[in-house]
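Asker: Contents of entry-v4.cif (mmCIF, C-alpha atoms) are given next:
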```cif
data_my_file
loop_
_atom_site.group_PDB
_atom_site.id
_atom_site.type_symbol
_atom_site.label_atom_id
_atom_site.label_comp_id
_atom_site.auth_asym_id
_atom_site.auth_seq_id
_atom_site.Cartn_x
_atom_site.Cartn_y
_atom_site.Cartn_z
ATOM 1 C CA MET W 1 -7.695 -38.594 -22.144
ATOM 2 C CA ASN W 2 -5.104 -38.061 -19.432
ATOM 3 C CA LYS W 3 -6.038 -36.404 -16.176
ATOM 4 C CA LYS W 4 -5.323 -32.680 -16.049
ATOM 5 C CA ILE W 5 -3.291 -31.388 -13.121
ATOM 6 C CA ILE W 6 -2.853 -27.631 -13.005
ATOM 7 C CA GLY W 7 0.282 -26.304 -11.374
ATOM 8 C CA VAL W 8 -0.052 -22.898 -9.741
ATOM 9 C CA LEU W 9 3.210 -21.049 -9.142
ATOM 10 C CA ALA W 10 3.146 -20.483 -5.380
ATOM 11 C CA ILE W 11 6.242 -18.426 -4.635
ATOM 12 C CA GLN W 12 4.327 -15.205 -4.032
ATOM 13 C CA GLY W 13 1.006 -13.593 -4.969
ATOM 14 C CA ASP W 14 -2.571 -14.789 -4.604
ATOM 15 C CA PHE W 15 -1.997 -18.323 -5.875
ATOM 16 C CA GLN W 16 -4.588 -19.667 -3.430
ATOM 17 C CA ALA W 17 -7.430 -17.810 -5.209
ATOM 18 C CA HIS W 18 -6.545 -19.662 -8.427
ATOM 19 C CA LYS W 19 -6.653 -22.977 -6.568
ATOM 20 C CA VAL W 20 -10.132 -22.117 -5.234
ATOM 21 C CA ILE W 21 -11.415 -21.403 -8.773
ATOM 22 C CA LEU W 22 -9.892 -24.639 -10.089
ATOM 23 C CA SER W 23 -11.543 -26.562 -7.261
ATOM 24 C CA LYS W 24 -14.907 -24.983 -8.162
ATOM 25 C CA ILE W 25 -14.629 -26.375 -11.688
ATOM 26 C CA GLY W 26 -13.492 -29.787 -10.455
ATOM 27 C CA VAL W 27 -9.856 -29.648 -11.595
ATOM 28 C CA GLU W 28 -6.963 -30.875 -9.490
ATOM 29 C CA SER W 29 -4.221 -28.356 -8.766
ATOM 30 C CA ARG W 30 -0.834 -28.399 -7.126
ATOM 31 C CA GLU W 31 1.341 -25.598 -5.726
ATOM 32 C CA ILE W 32 4.638 -25.122 -7.564
ATOM 33 C CA ARG W 33 7.588 -23.883 -5.514
ATOM 34 C CA LEU W 34 10.498 -26.069 -6.602
ATOM 35 C CA ALA W 35 11.629 -27.506 -9.952
ATOM 36 C CA GLY W 36 10.476 -31.035 -9.046
ATOM 37 C CA ASP W 37 6.950 -29.756 -8.361
ATOM 38 C CA LEU W 38 6.427 -29.418 -12.136
ATOM 39 C CA ASP W 39 6.652 -33.195 -12.626
ATOM 40 C CA GLY W 40 3.264 -34.526 -13.775
ATOM 41 C CA ILE W 41 1.763 -31.070 -14.317
ATOM 42 C CA THR W 42 -0.259 -30.666 -17.531
ATOM 43 C CA HIS W 43 -1.010 -26.912 -17.273
ATOM 44 C CA LEU W 44 0.661 -24.032 -15.420
ATOM 45 C CA ILE W 45 -0.706 -20.792 -13.961
ATOM 46 C CA ILE W 46 1.659 -17.916 -13.190
ATOM 47 C CA PRO W 47 -0.339 -15.613 -10.881
ATOM 48 C CA GLY W 48 -0.014 -11.959 -10.023
ATOM 49 C CA GLY W 49 2.678 -10.832 -7.624
ATOM 50 C CA GLU W 50 5.975 -9.006 -7.927
ATOM 51 C CA SER W 51 8.052 -10.068 -10.942
ATOM 52 C CA THR W 52 11.518 -9.420 -9.516
ATOM 53 C CA THR W 53 10.702 -11.417 -6.359
ATOM 54 C CA ILE W 54 9.363 -14.374 -8.363
ATOM 55 C CA GLN W 55 12.359 -14.228 -10.674
ATOM 56 C CA LYS W 56 14.902 -14.097 -7.855
ATOM 57 C CA VAL W 57 13.418 -16.985 -5.861
ATOM 58 C CA ALA W 58 12.788 -19.150 -8.957
ATOM 59 C CA LYS W 59 16.380 -18.686 -10.115
ATOM 60 C CA GLN W 60 17.800 -19.448 -6.658
ATOM 61 C CA ASN W 61 15.890 -22.711 -6.329
ATOM 62 C CA GLY W 62 16.404 -23.938 -9.919
ATOM 63 C CA LEU W 63 12.793 -23.452 -10.996
ATOM 64 C CA TRP W 64 13.298 -20.593 -13.512
ATOM 65 C CA SER W 65 14.759 -22.690 -16.349
ATOM 66 C CA LYS W 66 12.118 -25.409 -15.823
ATOM 67 C CA LEU W 67 9.356 -22.776 -16.069
ATOM 68 C CA ALA W 68 10.859 -21.450 -19.318
ATOM 69 C CA ALA W 69 11.030 -24.974 -20.748
ATOM 70 C CA PHE W 70 7.487 -25.995 -19.712
ATOM 71 C CA ASP W 71 5.673 -26.953 -22.913
ATOM 72 C CA GLY W 72 2.138 -27.408 -21.613
ATOM 73 C CA PRO W 73 -0.515 -24.692 -21.617
ATOM 74 C CA VAL W 74 0.429 -21.660 -19.513
ATOM 75 C CA MET W 75 -1.776 -18.836 -18.227
ATOM 76 C CA GLY W 76 -0.238 -15.711 -16.756
ATOM 77 C CA THR W 77 -2.370 -13.223 -14.839
ATOM 78 C CA CYS W 78 -1.193 -9.660 -14.134
ATOM 79 C CA MET W 79 2.480 -10.142 -13.171
ATOM 80 C CA GLY W 80 2.385 -13.550 -14.841
ATOM 81 C CA SER W 81 1.653 -11.806 -18.135
ATOM 82 C CA ILE W 82 4.751 -9.650 -17.595
ATOM 83 C CA LEU W 83 6.964 -12.718 -17.196
ATOM 84 C CA MET W 84 5.398 -14.314 -20.296
ATOM 85 C CA GLY W 85 6.088 -11.342 -22.590
ATOM 86 C CA LYS W 86 9.172 -11.213 -24.778
ATOM 87 C CA GLN W 87 9.609 -7.438 -24.420
ATOM 88 C CA THR W 88 9.169 -5.862 -21.024
ATOM 89 C CA GLU W 89 10.878 -3.734 -18.427
ATOM 90 C CA ALA W 90 11.462 -6.848 -16.306
ATOM 91 C CA ASN W 91 15.099 -7.871 -15.952
ATOM 92 C CA GLU W 92 14.442 -11.163 -17.679
ATOM 93 C CA THR W 93 11.278 -12.909 -18.829
ATOM 94 C CA LEU W 94 10.230 -16.412 -19.757
ATOM 95 C CA GLY W 95 9.700 -15.139 -23.330
ATOM 96 C CA MET W 96 6.602 -17.203 -24.042
ATOM 97 C CA ILE W 97 4.478 -14.705 -26.011
ATOM 98 C CA GLU W 98 5.550 -12.226 -28.683
ATOM 99 C CA MET W 99 4.258 -9.105 -26.948
ATOM 100 C CA LYS W 100 5.586 -5.937 -25.416
ATOM 101 C CA ILE W 101 4.187 -5.225 -21.972
ATOM 102 C CA GLN W 102 4.550 -2.246 -19.639
ATOM 103 C CA ARG W 103 4.721 -2.852 -15.875
ATOM 104 C CA ASN W 104 2.529 -0.864 -13.434
ATOM 105 C CA ALA W 105 0.986 0.945 -16.400
ATOM 106 C CA TYR W 106 -1.987 2.336 -14.455
ATOM 107 C CA GLY W 107 0.072 3.600 -11.548
ATOM 108 C CA ARG W 108 0.699 2.505 -7.992
ATOM 109 C CA GLN W 109 -1.382 0.284 -5.703
ATOM 110 C CA ILE W 110 -3.686 3.209 -4.872
ATOM 111 C CA ASN W 111 -4.622 3.423 -8.576
ATOM 112 C CA SER W 112 -5.949 -0.157 -8.686
ATOM 113 C CA PHE W 113 -9.495 -0.521 -10.013
ATOM 114 C CA THR W 114 -12.269 -2.824 -11.212
ATOM 115 C CA ALA W 115 -14.047 -2.344 -14.549
ATOM 116 C CA GLU W 116 -16.281 -4.304 -16.903
ATOM 117 C CA GLY W 117 -14.472 -5.518 -19.991
ATOM 118 C CA LYS W 118 -15.110 -7.903 -22.852
ATOM 119 C CA ILE W 119 -13.732 -11.410 -23.294
ATOM 120 C CA LYS W 120 -14.028 -13.128 -26.671
ATOM 121 C CA PHE W 121 -15.481 -16.387 -25.336
ATOM 122 C CA ILE W 122 -17.889 -14.855 -22.770
ATOM 123 C CA ASP W 123 -21.156 -13.234 -23.868
ATOM 124 C CA ASP W 124 -21.691 -10.946 -20.869
ATOM 125 C CA PRO W 125 -19.384 -8.139 -19.672
ATOM 126 C CA PHE W 126 -16.599 -9.495 -17.455
ATOM 127 C CA GLU W 127 -15.480 -7.927 -14.183
ATOM 128 C CA MET W 128 -11.754 -7.206 -14.557
ATOM 129 C CA VAL W 129 -9.724 -6.462 -11.445
ATOM 130 C CA PHE W 130 -6.558 -4.423 -12.108
ATOM 131 C CA ILE W 131 -4.037 -4.220 -9.250
ATOM 132 C CA ARG W 132 -0.853 -2.330 -10.203
ATOM 133 C CA ALA W 133 -1.624 -3.842 -13.569
ATOM 134 C CA PRO W 134 0.531 -3.957 -16.674
ATOM 135 C CA LYS W 135 -0.594 -2.994 -20.178
ATOM 136 C CA ILE W 136 -0.052 -4.913 -23.376
ATOM 137 C CA VAL W 137 1.363 -2.234 -25.677
ATOM 138 C CA GLU W 138 2.253 -4.306 -28.734
ATOM 139 C CA ILE W 139 1.582 -7.840 -29.971
ATOM 140 C CA GLY W 140 3.218 -10.041 -32.583
ATOM 141 C CA GLU W 141 1.635 -11.557 -35.688
ATOM 142 C CA ASN W 142 0.780 -14.902 -34.099
ATOM 143 C CA VAL W 143 -0.813 -13.384 -31.016
ATOM 144 C CA GLU W 144 -4.608 -13.157 -30.856
ATOM 145 C CA PRO W 145 -6.353 -10.591 -28.635
ATOM 146 C CA ILE W 146 -9.073 -12.225 -26.508
ATOM 147 C CA ALA W 147 -9.900 -9.573 -23.894
ATOM 148 C CA TRP W 148 -10.397 -5.817 -23.938
ATOM 149 C CA LEU W 149 -11.125 -2.904 -21.642
ATOM 150 C CA ASN W 150 -12.683 -0.390 -24.007
ATOM 151 C CA ASP W 151 -10.258 -0.441 -26.981
ATOM 152 C CA GLU W 152 -7.272 -1.618 -24.967
ATOM 153 C CA ILE W 153 -6.122 -5.254 -25.209
ATOM 154 C CA THR W 154 -6.128 -6.881 -21.765
ATOM 155 C CA GLY W 155 -5.685 -10.511 -22.772
ATOM 156 C CA VAL W 156 -4.055 -12.549 -25.522
ATOM 157 C CA VAL W 157 -3.542 -16.125 -26.679
ATOM 158 C CA SER W 158 -0.588 -17.444 -28.654
ATOM 159 C CA GLY W 159 -0.629 -21.175 -29.283
ATOM 160 C CA ASN W 160 -1.204 -22.761 -25.882
ATOM 161 C CA ARG W 161 -0.142 -19.634 -23.973
ATOM 162 C CA MET W 162 -2.649 -17.186 -22.512
ATOM 163 C CA ALA W 163 -1.861 -13.924 -20.732
ATOM 164 C CA VAL W 164 -4.277 -11.480 -19.104
ATOM 165 C CA THR W 165 -3.325 -8.216 -17.415
ATOM 166 C CA PHE W 166 -6.130 -8.468 -14.861
ATOM 167 C CA HIS W 167 -6.970 -10.932 -12.054
ATOM 168 C CA PRO W 168 -9.713 -13.347 -13.246
ATOM 169 C CA GLU W 169 -9.348 -15.283 -9.981
ATOM 170 C CA LEU W 170 -10.771 -12.277 -8.104
ATOM 171 C CA SER W 171 -13.985 -12.108 -10.152
ATOM 172 C CA ASP W 172 -17.112 -14.179 -9.517
ATOM 173 C CA SER W 173 -16.631 -16.045 -12.807
ATOM 174 C CA VAL W 174 -14.870 -19.354 -13.472
ATOM 175 C CA ASP W 175 -15.017 -18.878 -17.271
ATOM 176 C CA VAL W 176 -11.423 -17.745 -17.861
ATOM 177 C CA HIS W 177 -10.044 -20.695 -15.884
ATOM 178 C CA ARG W 178 -12.448 -23.110 -17.600
ATOM 179 C CA TYR W 179 -11.240 -21.822 -21.006
ATOM 180 C CA PHE W 180 -7.601 -22.221 -19.944
ATOM 181 C CA VAL W 181 -8.081 -25.765 -18.670
ATOM 182 C CA GLN W 182 -9.417 -26.749 -22.124
ATOM 183 C CA MET W 183 -6.175 -25.635 -23.824
ATOM 184 C CA ARG W 184 -4.056 -28.505 -25.129
ATOM 185 C CA LEU W 185 -0.432 -29.346 -25.664
ATOM 186 C CA LEU W 186 0.821 -28.223 -29.052
#
```
Would you mind giving the structure from this file in structure tokens?
Answerer:
Amino acid sequence: MNKKIIGVLAIQGDFQAHKVILSKIGVESREIRLAGDLDGITHLIIPGGESTTIQKVAKQNGLWSKLAAFDGPVMGTCMGSILMGKQTEANETLGMIEMKIQRNAYGRQINSFTAEGKIKFIDDPFEMVFIRAPKIVEIGENVEPIAWLNDEITGVVSGNRMAVTFHPELSDSVDVHRYFVQMRLL
């Protein structure tokens, strides 16, 4: 089996927290800022942040089209899930998952919160951190819900793509990252 190297988009947002979690589970990671940084990466994490900023910088430096073409497993958290959706209020997305997603669905920064939700592959309740979080409002046929806050879907998987509307890197658990790292190329 080839060595896994997780790329963490490091244009903006709390990419460092993802790197800390990956280190805890013994997985090598690399910061992705330029198109060439994707070379040799097996998996990609698109962290939270501000979608228009990420989009603008990634387009200016030639990274946007390489992100869209990346065929390895991808996990988007919070803003990353926005960029992965095919239908959103964002100017343009990477179009990786057939889902409709609403930006800042819970309100402004002051409305951020933490709550216990359920994740399909974790037995205990999971602490979900929502910071200006989006909501998944509709999913396609080939999209499987994997996380919920009450009856609301907060995470999905489609093939080797995973998107969550919360920040798993800010919880005390490594389980979401461990699950992601086990995803394979299709």
Asker: Go through the shown structure with the PyMOL selection byres ((chain W and resi 71) around 9) and write out the matching residues as a PyMOL selection string.
Answerer: chain W and resi 42-43+67-70+72-74+160+185-186
Asker: Could the residues in this selection be written to a file with C-alpha atoms, as a short mmCIF file (atom, residue, chain, number, x, y, z; two decimals), in the coordinates of the input?
Answerer:
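Result written to part.cif:
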```cif
data_model
loop_
_atom_site.label_atom_id
_atom_site.label_comp_id
_atom_site.auth_asym_id
_atom_site.auth_seq_id
_atom_site.Cartn_x
_atom_site.Cartn_y
_atom_site.Cartn_z
CA THR W 42 -0.26 -30.67 -17.53
CA HIS W 43 -1.01 -26.91 -17.27
CA LEU W 67 9.36 -22.78 -16.07
CA ALA W 68 10.86 -21.45 -19.32
CA ALA W 69 11.03 -24.97 -20.75
CA PHE W 70 7.49 -26.00 -19.71
CA GLY W 72 2.14 -27.41 -21.61
CA PRO W 73 -0.52 -24.69 -21.62
CA VAL W 74 0.43 -21.66 -19.51
CA ASN W 160 -1.20 -22.76 -25.88
CA LEU W 185 -0.43 -29.35 -25.66
CA LEU W 186 0.82 -28.22 -29.05
#
```
Asker: Check which residues satisfy the PyMOL selection byres ((chain W and resi 111) around 12) in the file shown, then give them as a PDB file with C-alpha atoms, keeping the file's coordinate frame.
Answerer:
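Everything below was put into out-v9.pdb:
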```pdb
ATOM      1  CA  ASN W 104       2.529  -0.864 -13.434  1.00  0.00           C
ATOM      2  CA  ALA W 105       0.986   0.945 -16.400  1.00  0.00           C
ATOM      3  CA  TYR W 106      -1.987   2.336 -14.455  1.00  0.00           C
ATOM      4  CA  GLY W 107       0.072   3.600 -11.548  1.00  0.00           C
ATOM      5  CA  ARG W 108       0.699   2.505  -7.992  1.00  0.00           C
ATOM      6  CA  GLN W 109      -1.382   0.284  -5.703  1.00  0.00           C
ATOM      7  CA  ILE W 110      -3.686   3.209  -4.872  1.00  0.00           C
ATOM      8  CA  SER W 112      -5.949  -0.157  -8.686  1.00  0.00           C
ATOM      9  CA  PHE W 113      -9.495  -0.521 -10.013  1.00  0.00           C
ATOM     10  CA  THR W 114     -12.269  -2.824 -11.212  1.00  0.00           C
ATOM     11  CA  VAL W 129      -9.724  -6.462 -11.445  1.00  0.00           C
ATOM     12  CA  PHE W 130      -6.558  -4.423 -12.108  1.00  0.00           C
ATOM     13  CA  ILE W 131      -4.037  -4.220  -9.250  1.00  0.00           C
ATOM     14  CA  ARG W 132      -0.853  -2.330 -10.203  1.00  0.00           C
ATOM     15  CA  ALA W 133      -1.624  -3.842 -13.569  1.00  0.00           C
TER      16      ALA W 133
END
```
Asker: Just the number, please: distance in Å from atom CA of W:Lys4 to atom CA of W:Val181, one decimal.
Answerer: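 Separating atom CA of W:Lys4 from atom CA of W:Val181 is a distance of 7.9 Å.
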Asker: Can you translate the PyMOL selection byres ((chain W and resi 99) around 12) into the concrete residues it hits in this file, as a PyMOL selection string?
Answerer: chain W and resi 81-88+93-98+100-102+135-145+153-158+161-164
Asker: So, with all atoms listed in the file as the atoms that count, which of W:Glu169, W:Asp175, W:Asp151, W:Asp37 lies closest to W:Gly76?
Answerer: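 Closest to W:Gly76 of all the choices is W:Glu169.
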Asker: Under the rule that all atoms listed in the file are counted, which of W:Lys66, W:Lys56, W:Arg184, W:His18 is the nearest residue to W:Arg30?
Answerer: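 Answer, going by the shortest atom-to-atom distance: W:His18.
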Asker: Report, in Å to a single decimal, how far apart atom CA of W:Ile6 and atom CA of W:Lys120 are.
Answerer: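 The value is 22.8 Å.
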Asker: Using atom CA of W:Leu149 and atom CA of W:Phe126 as the two end points, give the distance in Å to one decimal.
Answerer: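 Straight-line distance from atom CA of W:Leu149 to atom CA of W:Phe126 works out to 9.5 Å.
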Asker: Which of these, W:Leu9, W:Val27, W:Ile41, W:Ala17, has the shortest distance to W:Trp64 once you count only C-alpha atoms?
Answerer: W:Leu9
Asker: Taking 3 positions as the minimum chain separation for residues in the same chain, which residues sit within 9 Å of W:Ser171 when counting all atoms listed in the file? Answer as a PyMOL selection string.
Answerer: chain W and resi 126-129+167-168+174
Asker: Can you work out which one of W:Asn150, W:Gln12, W:Asn61, W:Ser51 has the shortest atom-to-atom distance to W:Pro125, counting all atoms listed in the file?
Answerer: W:Asn150
Asker: Which is closest to W:Gln60 among W:Trp148, W:Ile11, W:Cys78, W:Ser29, if we use all atoms listed in the file?
Answerer: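 Selected residue with least distance to W:Gln60: W:Ile11.
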Asker: Which residues are near W:Thr52? Cut-off 10 Å, all atoms listed in the file, ignore same chain within fewer than 3 positions. Put them as a list in words.
Answerer: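 In the requested format, the answer is Gly49, Gln55, Lys56, Val57, Ala58, Met79, Leu83, Ala90, Asn91, Glu92 and Thr93 of chain W.
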Asker: Only C-alpha atoms, please: stretch 46-137 of chain W from the block, as a PDB file, in the first residue's frame.
Answerer:
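This is the output file selection-v3.pdb:
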```pdb
ATOM      1  CA  ILE W  46     -10.602  21.850   2.334  1.00  0.00           C
ATOM      2  CA  PRO W  47     -11.008  23.560   5.731  1.00  0.00           C
ATOM      3  CA  GLY W  48     -13.346  26.242   6.969  1.00  0.00           C
ATOM      4  CA  GLY W  49     -12.715  29.849   6.041  1.00  0.00           C
ATOM      5  CA  GLU W  50     -14.297  32.348   3.686  1.00  0.00           C
ATOM      6  CA  SER W  51     -15.301  30.871   0.319  1.00  0.00           C
ATOM      7  CA  THR W  52     -14.886  33.982  -1.829  1.00  0.00           C
ATOM      8  CA  THR W  53     -11.375  34.593  -0.443  1.00  0.00           C
ATOM      9  CA  ILE W  54     -10.306  30.986  -1.078  1.00  0.00           C
ATOM     10  CA  GLN W  55     -11.813  31.100  -4.551  1.00  0.00           C
ATOM     11  CA  LYS W  56     -10.142  34.378  -5.492  1.00  0.00           C
ATOM     12  CA  VAL W  57      -6.658  33.391  -4.307  1.00  0.00           C
ATOM     13  CA  ALA W  58      -6.878  29.852  -5.754  1.00  0.00           C
ATOM     14  CA  LYS W  59      -7.914  31.214  -9.149  1.00  0.00           C
ATOM     15  CA  GLN W  60      -5.160  33.853  -9.150  1.00  0.00           C
ATOM     16  CA  ASN W  61      -2.416  31.335  -8.418  1.00  0.00           C
ATOM     17  CA  GLY W  62      -3.665  28.566 -10.748  1.00  0.00           C
ATOM     18  CA  LEU W  63      -4.757  26.213  -7.973  1.00  0.00           C
ATOM     19  CA  TRP W  64      -8.553  26.324  -8.553  1.00  0.00           C
ATOM     20  CA  SER W  65      -8.641  24.090 -11.649  1.00  0.00           C
ATOM     21  CA  LYS W  66      -6.212  21.609 -10.041  1.00  0.00           C
ATOM     22  CA  LEU W  67      -8.467  21.394  -6.960  1.00  0.00           C
ATOM     23  CA  ALA W  68     -11.499  20.727  -9.181  1.00  0.00           C
ATOM     24  CA  ALA W  69      -9.611  17.994 -11.042  1.00  0.00           C
ATOM     25  CA  PHE W  70      -8.212  16.280  -7.915  1.00  0.00           C
ATOM     26  CA  ASP W  71      -9.461  12.690  -8.016  1.00  0.00           C
ATOM     27  CA  GLY W  72      -8.343  11.457  -4.606  1.00  0.00           C
ATOM     28  CA  PRO W  73     -10.512  11.505  -1.491  1.00  0.00           C
ATOM     29  CA  VAL W  74     -11.583  15.011  -0.454  1.00  0.00           C
ATOM     30  CA  MET W  75     -13.034  16.208   2.856  1.00  0.00           C
ATOM     31  CA  GLY W  76     -14.562  19.654   3.152  1.00  0.00           C
ATOM     32  CA  THR W  77     -15.359  21.132   6.556  1.00  0.00           C
ATOM     33  CA  CYS W  78     -17.709  24.111   6.978  1.00  0.00           C
ATOM     34  CA  MET W  79     -16.689  26.423   4.103  1.00  0.00           C
ATOM     35  CA  GLY W  80     -15.045  23.453   2.406  1.00  0.00           C
ATOM     36  CA  SER W  81     -18.461  21.804   2.199  1.00  0.00           C
ATOM     37  CA  ILE W  82     -19.783  24.935   0.472  1.00  0.00           C
ATOM     38  CA  LEU W  83     -17.098  24.732  -2.215  1.00  0.00           C
ATOM     39  CA  MET W  84     -17.779  21.001  -2.686  1.00  0.00           C
ATOM     40  CA  GLY W  85     -21.524  21.417  -3.294  1.00  0.00           C
ATOM     41  CA  LYS W  86     -22.940  21.650  -6.796  1.00  0.00           C
ATOM     42  CA  GLN W  87     -25.681  24.123  -5.823  1.00  0.00           C
ATOM     43  CA  THR W  88     -24.826  26.987  -3.526  1.00  0.00           C
ATOM     44  CA  GLU W  89     -24.872  30.742  -3.219  1.00  0.00           C
ATOM     45  CA  ALA W  90     -21.106  30.804  -3.812  1.00  0.00           C
ATOM     46  CA  ASN W  91     -20.038  32.405  -7.084  1.00  0.00           C
ATOM     47  CA  GLU W  92     -18.526  29.163  -8.289  1.00  0.00           C
ATOM     48  CA  THR W  93     -17.904  25.810  -6.631  1.00  0.00           C
ATOM     49  CA  LEU W  94     -15.738  22.782  -7.236  1.00  0.00           C
ATOM     50  CA  GLY W  95     -18.954  20.804  -7.880  1.00  0.00           C
ATOM     51  CA  MET W  96     -17.809  17.608  -6.195  1.00  0.00           C
ATOM     52  CA  ILE W  97     -21.016  16.510  -4.423  1.00  0.00           C
ATOM     53  CA  GLU W  98     -24.603  16.613  -5.670  1.00  0.00           C
ATOM     54  CA  MET W  99     -25.999  18.747  -2.856  1.00  0.00           C
ATOM     55  CA  LYS W 100     -27.526  22.146  -2.342  1.00  0.00           C
ATOM     56  CA  ILE W 101     -25.974  24.080   0.517  1.00  0.00           C
ATOM     57  CA  GLN W 102     -26.868  27.404   2.128  1.00  0.00           C
ATOM     58  CA  ARG W 103     -24.063  29.674   3.369  1.00  0.00           C
ATOM     59  CA  ASN W 104     -24.143  31.203   6.886  1.00  0.00           C
ATOM     60  CA  ALA W 105     -27.417  29.382   7.529  1.00  0.00           C
ATOM     61  CA  TYR W 106     -27.345  29.854  11.314  1.00  0.00           C
ATOM     62  CA  GLY W 107     -26.515  33.539  11.180  1.00  0.00           C
ATOM     63  CA  ARG W 108     -23.449  35.651  11.791  1.00  0.00           C
ATOM     64  CA  GLN W 109     -20.314  34.901  13.818  1.00  0.00           C
ATOM     65  CA  ILE W 110     -22.127  35.798  17.052  1.00  0.00           C
ATOM     66  CA  ASN W 111     -24.597  32.957  16.364  1.00  0.00           C
ATOM     67  CA  SER W 112     -21.867  30.285  16.315  1.00  0.00           C
ATOM     68  CA  PHE W 113     -22.445  27.348  18.662  1.00  0.00           C
ATOM     69  CA  THR W 114     -21.410  23.871  19.791  1.00  0.00           C
ATOM     70  CA  ALA W 115     -23.873  20.974  20.058  1.00  0.00           C
ATOM     71  CA  GLU W 116     -23.815  17.194  20.352  1.00  0.00           C
ATOM     72  CA  GLY W 117     -24.748  15.446  17.134  1.00  0.00           C
ATOM     73  CA  LYS W 118     -24.650  11.941  15.723  1.00  0.00           C
ATOM     74  CA  ILE W 119     -22.150  10.508  13.256  1.00  0.00           C
ATOM     75  CA  LYS W 120     -22.891   7.194  11.550  1.00  0.00           C
ATOM     76  CA  PHE W 121     -19.522   5.588  12.315  1.00  0.00           C
ATOM     77  CA  ILE W 122     -19.169   6.843  15.923  1.00  0.00           C
ATOM     78  CA  ASP W 123     -21.162   5.260  18.757  1.00  0.00           C
ATOM     79  CA  ASP W 124     -21.113   8.189  21.193  1.00  0.00           C
ATOM     80  CA  PRO W 125     -22.551  11.686  20.619  1.00  0.00           C
ATOM     81  CA  PHE W 126     -20.080  13.903  18.749  1.00  0.00           C
ATOM     82  CA  GLU W 127     -19.276  17.499  19.664  1.00  0.00           C
ATOM     83  CA  MET W 128     -20.028  19.589  16.565  1.00  0.00           C
ATOM     84  CA  VAL W 129     -18.664  23.120  16.377  1.00  0.00           C
ATOM     85  CA  PHE W 130     -20.637  25.424  14.050  1.00  0.00           C
ATOM     86  CA  ILE W 131     -19.000  28.756  13.166  1.00  0.00           C
ATOM     87  CA  ARG W 132     -21.034  30.797  10.655  1.00  0.00           C
ATOM     88  CA  ALA W 133     -21.937  27.351   9.422  1.00  0.00           C
ATOM     89  CA  PRO W 134     -23.740  26.357   6.251  1.00  0.00           C
ATOM     90  CA  LYS W 135     -26.676  23.948   6.043  1.00  0.00           C
ATOM     91  CA  ILE W 136     -27.139  21.086   3.635  1.00  0.00           C
ATOM     92  CA  VAL W 137     -30.649  21.722   2.314  1.00  0.00           C
TER      93      VAL W 137
END
```
